[in-house]
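Shown next: work-v9.pdb, given as PDB, C-alpha atoms, pLDDT in the B column.
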ATOM      1  CA  MET A 814     -45.682  68.997 -38.802  1.00 58.00           C
ATOM      2  CA  THR A 815     -48.139  67.045 -36.734  1.00 63.00           C
ATOM      3  CA  LEU A 816     -48.596  63.273 -36.846  1.00 60.00           C
ATOM      4  CA  THR A 817     -51.963  63.747 -38.523  1.00 68.00           C
ATOM      5  CA  GLN A 818     -50.380  65.766 -41.329  1.00 61.00           C
ATOM      6  CA  ALA A 819     -47.523  63.273 -41.702  1.00 61.00           C
ATOM      7  CA  PHE A 820     -49.970  60.369 -41.862  1.00 61.00           C
ATOM      8  CA  ALA A 821     -52.032  62.227 -44.436  1.00 66.00           C
ATOM      9  CA  GLU A 822     -48.942  62.853 -46.588  1.00 65.00           C
ATOM     10  CA  LEU A 823     -47.980  59.164 -46.399  1.00 63.00           C
ATOM     11  CA  GLN A 824     -51.438  58.186 -47.606  1.00 61.00           C
ATOM     12  CA  ALA A 825     -51.138  60.635 -50.477  1.00 62.00           C
ATOM     13  CA  LEU A 826     -47.763  59.362 -51.690  1.00 64.00           C
ATOM     14  CA  ASP A 827     -47.621  58.186 -55.291  1.00 63.00           C
ATOM     15  CA  PRO A 828     -45.452  55.060 -55.545  1.00 66.00           C
ATOM     16  CA  LYS A 829     -44.966  55.718 -59.256  1.00 69.00           C
ATOM     17  CA  ASN A 830     -43.574  59.210 -58.651  1.00 69.00           C
ATOM     18  CA  PRO A 831     -41.096  59.041 -55.727  1.00 68.00           C
ATOM     19  CA  GLY A 832     -39.528  62.308 -56.866  1.00 66.00           C
ATOM     20  CA  ALA A 833     -42.613  64.128 -55.664  1.00 69.00           C
ATOM     21  CA  TRP A 834     -42.366  62.728 -52.161  1.00 68.00           C
ATOM     22  CA  PRO A 835     -41.610  65.139 -49.335  1.00 72.00           C
ATOM     23  CA  ARG A 836     -38.018  65.433 -48.200  1.00 74.00           C
ATOM     24  CA  TRP A 837     -38.620  63.801 -44.827  1.00 71.00           C
ATOM     25  CA  VAL A 838     -40.104  60.737 -46.555  1.00 67.00           C
ATOM     26  CA  HIS A 839     -36.975  60.448 -48.712  1.00 70.00           C
ATOM     27  CA  ILE A 840     -34.832  60.574 -45.569  1.00 80.00           C
ATOM     28  CA  ALA A 841     -37.001  58.041 -43.731  1.00 79.00           C
ATOM     29  CA  ALA A 842     -36.971  55.690 -46.741  1.00 78.00           C
ATOM     30  CA  ALA A 843     -33.195  55.982 -47.015  1.00 80.00           C
ATOM     31  CA  VAL A 844     -32.767  55.256 -43.285  1.00 86.00           C
ATOM     32  CA  LEU A 845     -35.140  52.286 -43.506  1.00 85.00           C
ATOM     33  CA  ALA A 846     -33.318  50.916 -46.572  1.00 83.00           C
ATOM     34  CA  PHE A 847     -29.984  51.337 -44.755  1.00 86.00           C
ATOM     35  CA  VAL A 848     -31.272  49.481 -41.682  1.00 88.00           C
ATOM     36  CA  VAL A 849     -32.634  46.640 -43.836  1.00 87.00           C
ATOM     37  CA  LEU A 850     -29.411  46.330 -45.824  1.00 86.00           C
ATOM     38  CA  LEU A 851     -27.389  46.480 -42.621  1.00 85.00           C
ATOM     39  CA  GLY A 852     -29.492  43.719 -41.043  1.00 85.00           C
ATOM     40  CA  VAL A 853     -29.244  41.528 -44.137  1.00 85.00           C
ATOM     41  CA  GLY A 854     -25.509  42.100 -44.341  1.00 82.00           C
ATOM     42  CA  ILE A 855     -24.996  41.222 -40.694  1.00 84.00           C
ATOM     43  CA  TRP A 856     -27.154  38.096 -41.011  1.00 85.00           C
ATOM     44  CA  THR A 857     -25.549  36.827 -44.205  1.00 85.00           C
ATOM     45  CA  LEU A 858     -21.930  37.899 -43.677  1.00 81.00           C
ATOM     46  CA  VAL A 859     -21.136  38.692 -40.056  1.00 80.00           C
ATOM     47  CA  VAL A 860     -23.103  35.944 -38.270  1.00 82.00           C
ATOM     48  CA  PRO A 861     -21.510  33.030 -40.219  1.00 84.00           C
ATOM     49  CA  GLU A 862     -18.066  34.518 -39.686  1.00 83.00           C
ATOM     50  CA  TYR A 863     -18.824  34.915 -35.986  1.00 82.00           C
ATOM     51  CA  ASP A 864     -19.903  31.274 -35.740  1.00 84.00           C
ATOM     52  CA  THR A 865     -16.741  30.221 -37.566  1.00 86.00           C
ATOM     53  CA  LEU A 866     -14.671  32.320 -35.163  1.00 84.00           C
ATOM     54  CA  LYS A 867     -16.321  30.692 -32.134  1.00 85.00           C
ATOM     55  CA  ALA A 868     -15.724  27.227 -33.590  1.00 86.00           C
ATOM     56  CA  SER A 869     -12.086  28.096 -34.254  1.00 87.00           C
ATOM     57  CA  GLU A 870     -11.675  29.386 -30.704  1.00 84.00           C
ATOM     58  CA  GLY A 871     -13.127  26.135 -29.323  1.00 85.00           C
ATOM     59  CA  LYS A 872     -10.817  24.098 -31.555  1.00 88.00           C
ATOM     60  CA  GLU A 873      -7.878  26.215 -30.443  1.00 86.00           C
ATOM     61  CA  THR A 874      -8.741  25.509 -26.792  1.00 87.00           C
ATOM     62  CA  THR A 875      -8.947  21.771 -27.489  1.00 88.00           C
ATOM     63  CA  LEU A 876      -5.655  21.748 -29.397  1.00 88.00           C
ATOM     64  CA  ARG A 877      -3.981  23.777 -26.660  1.00 88.00           C
ATOM     65  CA  THR A 878      -5.175  21.297 -24.021  1.00 88.00           C
ATOM     66  CA  GLU A 879      -3.904  18.355 -26.089  1.00 89.00           C
ATOM     67  CA  PHE A 880      -0.621  20.135 -26.652  1.00 88.00           C
ATOM     68  CA  GLU A 881      -0.166  20.738 -22.931  1.00 87.00           C
ATOM     69  CA  LYS A 882      -0.911  17.077 -22.173  1.00 87.00           C
ATOM     70  CA  LYS A 883       1.559  15.874 -24.794  1.00 86.00           C
ATOM     71  CA  GLN A 884       4.119  18.387 -23.597  1.00 85.00           C
ATOM     72  CA  LYS A 885       3.821  16.992 -20.062  1.00 84.00           C
ATOM     73  CA  LYS A 886       4.249  13.460 -21.393  1.00 82.00           C
ATOM     74  CA  VAL A 887       7.321  14.470 -23.362  1.00 84.00           C
ATOM     75  CA  ALA A 888       8.742  16.209 -20.295  1.00 83.00           C
ATOM     76  CA  ALA A 889       8.183  13.020 -18.260  1.00 83.00           C
ATOM     77  CA  LEU A 890       9.574  10.722 -20.979  1.00 83.00           C
ATOM     78  CA  ASP A 891      12.941  10.317 -19.293  1.00 83.00           C
ATOM     79  CA  ALA A 892      11.240   9.433 -16.013  1.00 84.00           C
ATOM     80  CA  TYR A 893       9.061   6.884 -17.819  1.00 84.00           C
ATOM     81  CA  LYS A 894      12.132   5.348 -19.461  1.00 86.00           C
ATOM     82  CA  ALA A 895      13.893   5.112 -16.108  1.00 87.00           C
ATOM     83  CA  GLN A 896      10.785   3.534 -14.585  1.00 87.00           C
ATOM     84  CA  LEU A 897      10.585   1.060 -17.470  1.00 87.00           C
ATOM     85  CA  ASP A 898      14.230   0.113 -17.001  1.00 87.00           C
ATOM     86  CA  THR A 899      13.585  -0.459 -13.298  1.00 87.00           C
ATOM     87  CA  MET A 900      10.544  -2.597 -14.075  1.00 87.00           C
ATOM     88  CA  GLU A 901      12.531  -4.663 -16.578  1.00 81.00           C
ATOM     89  CA  ARG A 902      15.293  -5.221 -14.027  1.00 82.00           C
ATOM     90  CA  ASP A 903      12.766  -6.194 -11.367  1.00 80.00           C
ATOM     91  CA  PHE A 904      11.026  -8.484 -13.831  1.00 73.00           C
ATOM     92  CA  GLY A 905      14.318 -10.132 -14.722  1.00 71.00           C
ATOM     93  CA  ALA A 906      15.174 -10.560 -11.036  1.00 72.00           C
ATOM     94  CA  MET A 907      11.798 -12.167 -10.364  1.00 70.00           C
ATOM     95  CA  LEU A 908      12.160 -14.390 -13.407  1.00 67.00           C
ATOM     96  CA  ARG A 909      15.541 -15.574 -12.189  1.00 66.00           C
ATOM     97  CA  GLN A 910      13.755 -16.888  -9.118  1.00 65.00           C
ATOM     98  CA  LEU A 911      11.814 -19.285 -11.322  1.00 70.00           C
ATOM     99  CA  PRO A 912      13.544 -22.628 -11.825  1.00 68.00           C
ATOM    100  CA  SER A 913      14.013 -24.193 -15.213  1.00 69.00           C
ATOM    101  CA  LYS A 914      12.422 -27.492 -16.131  1.00 69.00           C
ATOM    102  CA  THR A 915      15.498 -29.422 -15.054  1.00 67.00           C
ATOM    103  CA  GLU A 916      15.682 -27.606 -11.706  1.00 73.00           C
ATOM    104  CA  VAL A 917      12.128 -28.359 -10.584  1.00 76.00           C
ATOM    105  CA  GLU A 918      13.070 -31.786  -9.204  1.00 80.00           C
ATOM    106  CA  ASN A 919      15.797 -30.237  -7.044  1.00 82.00           C
ATOM    107  CA  LEU A 920      13.298 -27.665  -5.787  1.00 80.00           C
ATOM    108  CA  LEU A 921      10.848 -30.414  -4.811  1.00 83.00           C
ATOM    109  CA  ASN A 922      13.690 -32.070  -2.906  1.00 86.00           C
ATOM    110  CA  ASP A 923      14.329 -28.760  -1.137  1.00 87.00           C
ATOM    111  CA  ILE A 924      10.673 -28.671  -0.059  1.00 87.00           C
ATOM    112  CA  SER A 925      10.995 -32.212   1.291  1.00 87.00           C
ATOM    113  CA  GLN A 926      14.193 -31.261   3.135  1.00 88.00           C
ATOM    114  CA  SER A 927      12.369 -28.315   4.720  1.00 89.00           C
ATOM    115  CA  ARG A 928       9.752 -30.764   5.929  1.00 88.00           C
ATOM    116  CA  VAL A 929      12.410 -33.074   7.384  1.00 90.00           C
ATOM    117  CA  ALA A 930      14.203 -30.169   9.050  1.00 90.00           C
ATOM    118  CA  SER A 931      10.917 -29.137  10.672  1.00 89.00           C
ATOM    119  CA  SER A 932      10.402 -32.689  12.090  1.00 88.00           C
ATOM    120  CA  LEU A 933       7.085 -33.121  10.300  1.00 90.00           C
ATOM    121  CA  GLU A 934       5.834 -36.553   9.331  1.00 89.00           C
ATOM    122  CA  GLU A 935       4.937 -36.882   5.675  1.00 88.00           C
ATOM    123  CA  GLU A 936       1.724 -38.653   4.704  1.00 89.00           C
ATOM    124  CA  LEU A 937       1.478 -37.479   1.116  1.00 89.00           C
ATOM    125  CA  PHE A 938       3.640 -35.674  -1.405  1.00 89.00           C
ATOM    126  CA  GLN A 939       1.943 -35.924  -4.780  1.00 87.00           C
ATOM    127  CA  PRO A 940       2.961 -33.807  -7.784  1.00 86.00           C
ATOM    128  CA  GLN A 941      -0.007 -32.527  -9.770  1.00 86.00           C
ATOM    129  CA  ALA A 942      -0.307 -31.720 -13.456  1.00 87.00           C
ATOM    130  CA  GLU A 943       1.426 -28.529 -14.554  1.00 82.00           C
ATOM    131  CA  VAL A 944      -0.735 -25.524 -15.375  1.00 85.00           C
ATOM    132  CA  PRO A 945       0.807 -23.559 -18.290  1.00 82.00           C
ATOM    133  CA  LYS A 946       0.484 -19.773 -18.189  1.00 79.00           C
ATOM    134  CA  GLU A 947       1.626 -17.060 -20.596  1.00 75.00           C
ATOM    135  CA  PHE A 948       5.364 -17.373 -20.084  1.00 75.00           C
ATOM    136  CA  TYR A 949       5.636 -19.719 -17.111  1.00 80.00           C
ATOM    137  CA  ALA A 950       4.133 -22.932 -15.801  1.00 83.00           C
ATOM    138  CA  GLU A 951       2.566 -23.496 -12.406  1.00 85.00           C
ATOM    139  CA  VAL A 952       3.836 -26.686 -10.736  1.00 87.00           C
ATOM    140  CA  PRO A 953       1.458 -27.713  -7.918  1.00 89.00           C
ATOM    141  CA  ASN A 954       2.191 -30.475  -5.408  1.00 89.00           C
ATOM    142  CA  ARG A 955      -0.350 -31.845  -2.960  1.00 92.00           C
ATOM    143  CA  ILE A 956       1.207 -32.409   0.472  1.00 90.00           C
ATOM    144  CA  VAL A 957      -0.155 -33.807   3.723  1.00 92.00           C
ATOM    145  CA  VAL A 958       2.025 -33.655   6.848  1.00 91.00           C
ATOM    146  CA  THR A 959       1.497 -34.126  10.559  1.00 91.00           C
ATOM    147  CA  GLY A 960       3.197 -32.494  13.487  1.00 91.00           C
ATOM    148  CA  THR A 961       2.829 -29.757  16.038  1.00 90.00           C
ATOM    149  CA  TYR A 962       1.734 -26.221  15.328  1.00 88.00           C
ATOM    150  CA  HIS A 963       5.277 -24.875  15.847  1.00 91.00           C
ATOM    151  CA  GLU A 964       6.741 -27.520  13.519  1.00 91.00           C
ATOM    152  CA  MET A 965       4.296 -26.472  10.824  1.00 91.00           C
ATOM    153  CA  GLY A 966       5.249 -22.853  11.372  1.00 90.00           C
ATOM    154  CA  ALA A 967       8.920 -23.788  11.014  1.00 91.00           C
ATOM    155  CA  PHE A 968       8.088 -25.653   7.783  1.00 89.00           C
ATOM    156  CA  ALA A 969       6.249 -22.641   6.334  1.00 89.00           C
ATOM    157  CA  GLY A 970       9.195 -20.419   7.272  1.00 91.00           C
ATOM    158  CA  GLY A 971      11.635 -22.845   5.643  1.00 89.00           C
ATOM    159  CA  VAL A 972       9.622 -22.910   2.431  1.00 87.00           C
ATOM    160  CA  ALA A 973       9.472 -19.111   2.383  1.00 88.00           C
ATOM    161  CA  ALA A 974      13.256 -18.957   2.792  1.00 88.00           C
ATOM    162  CA  LEU A 975      13.939 -21.095  -0.294  1.00 85.00           C
ATOM    163  CA  PRO A 976      15.791 -19.212  -3.051  1.00 80.00           C
ATOM    164  CA  ARG A 977      13.043 -20.098  -5.514  1.00 79.00           C
ATOM    165  CA  ILE A 978       9.419 -18.955  -5.361  1.00 80.00           C
ATOM    166  CA  VAL A 979       7.192 -21.463  -3.548  1.00 84.00           C
ATOM    167  CA  THR A 980       3.718 -20.710  -2.207  1.00 85.00           C
ATOM    168  CA  LEU A 981       1.462 -22.716   0.084  1.00 88.00           C
ATOM    169  CA  ASP A 982      -2.170 -22.550  -1.000  1.00 89.00           C
ATOM    170  CA  GLU A 983      -5.359 -24.285   0.083  1.00 89.00           C
ATOM    171  CA  VAL A 984      -3.899 -24.794   3.550  1.00 89.00           C
ATOM    172  CA  GLU A 985      -6.127 -26.783   5.907  1.00 91.00           C
ATOM    173  CA  ILE A 986      -5.057 -27.715   9.434  1.00 89.00           C
ATOM    174  CA  LYS A 987      -7.034 -30.137  11.578  1.00 88.00           C
ATOM    175  CA  PRO A 988      -6.348 -32.258  14.637  1.00 87.00           C
ATOM    176  CA  ALA A 989      -4.568 -35.457  13.661  1.00 80.00           C
ATOM    177  CA  THR A 990      -6.954 -38.391  13.871  1.00 71.00           C
ATOM    178  CA  GLY A 991      -6.338 -42.082  13.492  1.00 57.00           C
ATOM    179  CA  GLN A 992      -6.506 -45.402  15.269  1.00 48.00           C
ATOM    180  CA  GLY A 993      -4.384 -47.224  17.786  1.00 46.00           C
ATOM    181  CA  PRO A 994      -2.013 -46.073  20.519  1.00 49.00           C
ATOM    182  CA  GLN A 995       0.156 -44.011  18.134  1.00 49.00           C
ATOM    183  CA  ALA A 996      -2.819 -41.842  17.227  1.00 48.00           C
ATOM    184  CA  ALA A 997      -3.697 -41.309  20.884  1.00 48.00           C
ATOM    185  CA  GLN A 998      -0.082 -40.431  21.648  1.00 50.00           C
ATOM    186  CA  GLY A 999      -0.125 -37.965  18.752  1.00 48.00           C
ATOM    187  CA  LEU A1000      -3.206 -36.259  20.128  1.00 47.00           C
ATOM    188  CA  LEU A1001      -1.540 -35.934  23.527  1.00 44.00           C
ATOM    189  CA  ARG A1002       1.461 -34.274  21.843  1.00 54.00           C
ATOM    190  CA  GLY A1003      -0.900 -31.816  20.146  1.00 65.00           C
ATOM    191  CA  ASN A1004      -0.246 -33.170  16.681  1.00 84.00           C
ATOM    192  CA  LEU A1005      -2.066 -31.610  13.769  1.00 89.00           C
ATOM    193  CA  ARG A1006      -2.564 -32.652  10.191  1.00 91.00           C
ATOM    194  CA  MET A1007      -1.942 -30.048   7.498  1.00 91.00           C
ATOM    195  CA  SER A1008      -2.951 -30.482   3.892  1.00 92.00           C
ATOM    196  CA  ALA A1009      -1.806 -27.876   1.413  1.00 91.00           C
ATOM    197  CA  LEU A1010      -0.987 -27.257  -2.217  1.00 90.00           C
ATOM    198  CA  ALA A1011       2.657 -26.284  -2.535  1.00 89.00           C
ATOM    199  CA  LYS A1012       3.050 -24.364  -5.779  1.00 87.00           C
ATOM    200  CA  THR A1013       6.264 -23.511  -7.485  1.00 84.00           C
ATOM    201  CA  TYR A1014       6.697 -21.911 -10.862  1.00 82.00           C
ATOM    202  CA  ARG A1015       9.082 -22.524 -13.717  1.00 79.00           C
ATOM    203  CA  TYR A1016       9.642 -20.441 -16.801  1.00 75.00           C
ATOM    204  CA  LEU A1017       8.808 -21.911 -20.174  1.00 74.00           C
ATOM    205  CA  ASP A1018      11.581 -22.551 -22.660  1.00 69.00           C
ATOM    206  CA  GLU A1019      11.356 -20.961 -26.088  1.00 67.00           C
ATOM    207  CA  SER A1020      10.561 -24.376 -27.558  1.00 70.00           C
ATOM    208  CA  GLU A1021       7.564 -24.613 -25.228  1.00 68.00           C
ATOM    209  CA  ILE A1022       6.339 -21.101 -26.001  1.00 64.00           C
ATOM    210  CA  ALA A1023       6.754 -21.084 -29.792  1.00 53.00           C
ATOM    211  CA  PRO A1024       4.078 -23.716 -30.600  1.00 51.00           C
ATOM    212  CA  ALA A1025       1.547 -21.731 -28.604  1.00 45.00           C
ATOM    213  CA  THR A1026       2.083 -18.417 -30.381  1.00 46.00           C
ATOM    214  CA  VAL A1027      -0.718 -19.236 -32.833  1.00 44.00           C
ATOM    215  CA  GLY A1028      -4.146 -20.321 -31.651  1.00 49.00           C
ATOM    216  CA  LYS A1029      -6.511 -22.836 -33.190  1.00 46.00           C
ATOM    217  CA  ASP A1030      -8.212 -20.072 -35.134  1.00 48.00           C
ATOM    218  CA  GLY A1031      -4.915 -19.025 -36.692  1.00 44.00           C
ATOM    219  CA  LYS A1032      -4.743 -15.776 -34.740  1.00 45.00           C
ATOM    220  CA  PRO A1033      -1.526 -14.938 -32.832  1.00 43.00           C
ATOM    221  CA  LEU A1034      -1.624 -15.241 -29.082  1.00 49.00           C
ATOM    222  CA  ARG A1035      -0.137 -12.702 -26.670  1.00 45.00           C
ATOM    223  CA  ARG A1036       3.371 -13.857 -25.905  1.00 43.00           C
ATOM    224  CA  GLY A1037       5.150 -10.522 -25.877  1.00 41.00           C
ATOM    225  CA  ALA A1038       6.027 -10.731 -22.218  1.00 39.00           C
ATOM    226  CA  ALA A1039       7.886 -13.988 -22.745  1.00 38.00           C
ATOM    227  CA  ARG A1040      10.207 -12.454 -25.312  1.00 40.00           C
ATOM    228  CA  ASN A1041      11.289  -9.770 -22.877  1.00 41.00           C
ATOM    229  CA  ARG A1042      12.160 -12.012 -19.979  1.00 39.00           C
ATOM    230  CA  GLY A1043      15.665 -12.128 -18.536  1.00 39.00           C
ATOM    231  CA  THR A1044      17.879 -15.159 -18.672  1.00 38.00           C
ATOM    232  CA  PRO A1045      18.202 -16.938 -15.311  1.00 38.00           C
TER     233      PRO A1045
END

For the structure just supplied, provide its representation as structure tokens.
Amino acid sequence: MTLTQAFAELQALDPKNPGAWPRWVHIAAAVLAFVVLLGVGIWTLVVPEYDTLKASEGKETTLRTEFEKKQKKVAALDAYKAQLDTMERDFGAMLRQLPSKTEVENLLNDISQSRVASSLEEELFQPQAEVPKEFYAEVPNRIVVTGTYHEMGAFAGGVAALPRIVTLDEVEIKPATGQGPQAAQGLLRGNLRMSALAKTYRYLDESEIAPATVGKDGKPLRRGAARNRGTP
């Protein structure tokens, strides 16, 4: 059968009498209907299931990654606990270096003794107002001393060797100036004048921390670190 004959038969088909159609038309119609049904079935049934499968695979990958991360954390839990214990011990050791409120005066005397031992002349030793922090208070003291460069170095070394934590901030060293023969003699000796802020730190007692646990707005303040401190 040629294409011309086939086309002519298609034009002559009676839609109301499909039983009279040629056999090849029945076969072609059945194949076409099968292809259409197959396409509709794939589009309505297979494609959504495929999308769901892909989404599930992506979720599985995400959950697997999270599981591996959590598994690593669980495996390192003992190491974290050991590290935390070490940090708590170090924190307690550092806290024990902070004097209590009653020990601050003795510490200030120790600073003065370091100055005397270094042969420095004291011009000013003026305690400043305390600066409260989260679980400790900063105790600054303004000092002005005169002496040689080596004497000042010995003083700084003596302060660093104190059993309690003391820092020297805002250090300013200038040639010692003044009037009269004593000033001139001091310049000949190479005297210098050092002004600094000697800071020490004391831990706050529970009675000092408790009133500050609630702010003016009624919200609790962060004082957790103070509860975990060691006892000096």

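Interatomic distance, CA of Leu866 in chain A to CA of Thr878 in chain A: 18.3 Å.
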
Pick the closest to Gln941 in chain A from A:Thr1013, A:Gln896, A:Ser925, A:Thr980: which is it, counting only C-alpha atoms?
->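 Under the stated criterion, the closest residue is A:Thr1013.
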
Rank nothing, just name the residue among A:Leu911, A:Val887, A:Val952, A:Thr959 nearest to Glu936 in chain A, using all atoms listed in the file.
->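 Once distances to Glu936 in chain A are computed over all atoms listed in the file, the minimum belongs to A:Thr959.
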
Take CA of Phe948 in chain A and CA of Arg1015 in chain A and report the distance between them in Å, one decimal.
->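 Pair CA of Phe948 in chain A / CA of Arg1015 in chain A returns 9.0 Å.
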
Set up a box along x, y and z of the file covering all listed atoms of range 833-851 of chain A, add 8 Å on every one of the six sides, and write the centre and edge lengths in Å to one decimal, as lines of an AutoDock Vina configuration file.
center_x = -35.0
center_y = 55.9
center_z = -48.7
size_x = 31.2
size_y = 35.1
size_z = 30.0

Could you jot down the CA of Phe938 in chain A to CA of Leu920 in chain A separation for me, Å, one decimal place?
->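 Computing it gives 13.3 Å between the two atoms.
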
Might you pull out every residue within 9 Å of Val984 in chain A, with only C-alpha atoms counted and same-chain residues fewer than 2 positions away left off, and present them as a ChimeraX atom specification?
-> /A:981-982,986,1007-1010

With the file shown as input, list the residues that the PyMOL selection byres ((chain A and resi 931) around 7) selects, as a CSV table (one decimal) with C-alpha atoms, keeping the file's coordinate frame.
chain,number,residue,atom,x,y,z
A,927,SER,CA,12.4,-28.3,4.7
A,928,ARG,CA,9.8,-30.8,5.9
A,929,VAL,CA,12.4,-33.1,7.4
A,930,ALA,CA,14.2,-30.2,9.0
A,932,SER,CA,10.4,-32.7,12.1
A,933,LEU,CA,7.1,-33.1,10.3
A,964,GLU,CA,6.7,-27.5,13.5
A,967,ALA,CA,8.9,-23.8,11.0
A,968,PHE,CA,8.1,-25.7,7.8

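Distances from A:Ala868, A:Val972, A:Leu1005, A:Met907 to Glu935 in chain A were compared using only C-alpha atoms, and the smallest one belongs to A:Leu1005.
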
Within 7 Å of Pro988 in chain A, counting all atoms listed in the file, which residues show up once you throw out same-chain ones fewer than 2 positions away? Write them as number ranges by chain, please.
-> A: 990, 1004-1006

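Between Gly970 in chain A and the candidates A:Ile924, A:Asp903, A:Tyr1016, A:Val849, the tightest atom-to-atom separation, counting only C-alpha atoms, involves A:Ile924.
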
Counting all atoms listed in the file, figure out which residue out of A:Lys883, A:Lys867, A:Lys894, A:Arg955 gets nearest to Ala942 in chain A.
->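 Nearest to Ala942 in chain A: A:Arg955.
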
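Among the candidate residues A:Tyr893, A:Tyr1014, A:Tyr962, A:Trp856, the one lying nearest to Glu943 in chain A is A:Tyr1014, with distances computed using all atoms listed in the file.
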
Could you give me range 895-910 of chain A completed to N, CA and C atoms, formatted as a PDB file, in the coordinates of the input?
ATOM      1  N   ALA A 895      13.209   5.611 -17.301  1.00 87.00           N
ATOM      2  CA  ALA A 895      13.893   5.112 -16.108  1.00 87.00           C
ATOM      3  C   ALA A 895      13.016   4.127 -15.349  1.00 87.00           C
ATOM      4  N   GLN A 896      11.716   4.441 -15.261  1.00 87.00           N
ATOM      5  CA  GLN A 896      10.785   3.534 -14.585  1.00 87.00           C
ATOM      6  C   GLN A 896      10.673   2.215 -15.336  1.00 87.00           C
ATOM      7  N   LEU A 897      10.655   2.280 -16.667  1.00 87.00           N
ATOM      8  CA  LEU A 897      10.585   1.060 -17.470  1.00 87.00           C
ATOM      9  C   LEU A 897      11.831   0.207 -17.276  1.00 87.00           C
ATOM     10  N   ASP A 898      12.993   0.861 -17.241  1.00 87.00           N
ATOM     11  CA  ASP A 898      14.230   0.113 -17.001  1.00 87.00           C
ATOM     12  C   ASP A 898      14.190  -0.575 -15.640  1.00 87.00           C
ATOM     13  N   THR A 899      13.700   0.137 -14.635  1.00 87.00           N
ATOM     14  CA  THR A 899      13.585  -0.459 -13.298  1.00 87.00           C
ATOM     15  C   THR A 899      12.637  -1.646 -13.303  1.00 87.00           C
ATOM     16  N   MET A 900      11.505  -1.500 -13.999  1.00 87.00           N
ATOM     17  CA  MET A 900      10.544  -2.597 -14.075  1.00 87.00           C
ATOM     18  C   MET A 900      11.134  -3.800 -14.791  1.00 87.00           C
ATOM     19  N   GLU A 901      11.907  -3.553 -15.859  1.00 81.00           N
ATOM     20  CA  GLU A 901      12.531  -4.663 -16.578  1.00 81.00           C
ATOM     21  C   GLU A 901      13.561  -5.371 -15.709  1.00 81.00           C
ATOM     22  N   ARG A 902      14.316  -4.592 -14.929  1.00 82.00           N
ATOM     23  CA  ARG A 902      15.293  -5.221 -14.027  1.00 82.00           C
ATOM     24  C   ARG A 902      14.580  -6.034 -12.949  1.00 82.00           C
ATOM     25  N   ASP A 903      13.510  -5.458 -12.390  1.00 80.00           N
ATOM     26  CA  ASP A 903      12.766  -6.194 -11.367  1.00 80.00           C
ATOM     27  C   ASP A 903      12.137  -7.452 -11.958  1.00 80.00           C
ATOM     28  N   PHE A 904      11.628  -7.324 -13.184  1.00 73.00           N
ATOM     29  CA  PHE A 904      11.026  -8.484 -13.831  1.00 73.00           C
ATOM     30  C   PHE A 904      12.064  -9.570 -14.069  1.00 73.00           C
ATOM     31  N   GLY A 905      13.248  -9.154 -14.510  1.00 71.00           N
ATOM     32  CA  GLY A 905      14.318 -10.132 -14.722  1.00 71.00           C
ATOM     33  C   GLY A 905      14.739 -10.793 -13.420  1.00 71.00           C
ATOM     34  N   ALA A 906      14.798  -9.991 -12.331  1.00 72.00           N
ATOM     35  CA  ALA A 906      15.174 -10.560 -11.036  1.00 72.00           C
ATOM     36  C   ALA A 906      14.127 -11.563 -10.553  1.00 72.00           C
ATOM     37  N   MET A 907      12.853 -11.236 -10.760  1.00 70.00           N
ATOM     38  CA  MET A 907      11.798 -12.167 -10.364  1.00 70.00           C
ATOM     39  C   MET A 907      11.837 -13.427 -11.222  1.00 70.00           C
ATOM     40  N   LEU A 908      12.121 -13.242 -12.511  1.00 67.00           N
ATOM     41  CA  LEU A 908      12.160 -14.390 -13.407  1.00 67.00           C
ATOM     42  C   LEU A 908      13.308 -15.326 -13.054  1.00 67.00           C
ATOM     43  N   ARG A 909      14.408 -14.731 -12.566  1.00 66.00           N
ATOM     44  CA  ARG A 909      15.541 -15.574 -12.189  1.00 66.00           C
ATOM     45  C   ARG A 909      15.238 -16.422 -10.957  1.00 66.00           C
ATOM     46  N   GLN A 910      14.170 -16.076 -10.246  1.00 65.00           N
ATOM     47  CA  GLN A 910      13.755 -16.888  -9.118  1.00 65.00           C
ATOM     48  C   GLN A 910      12.934 -18.105  -9.550  1.00 65.00           C
TER      49      GLN A 910
END
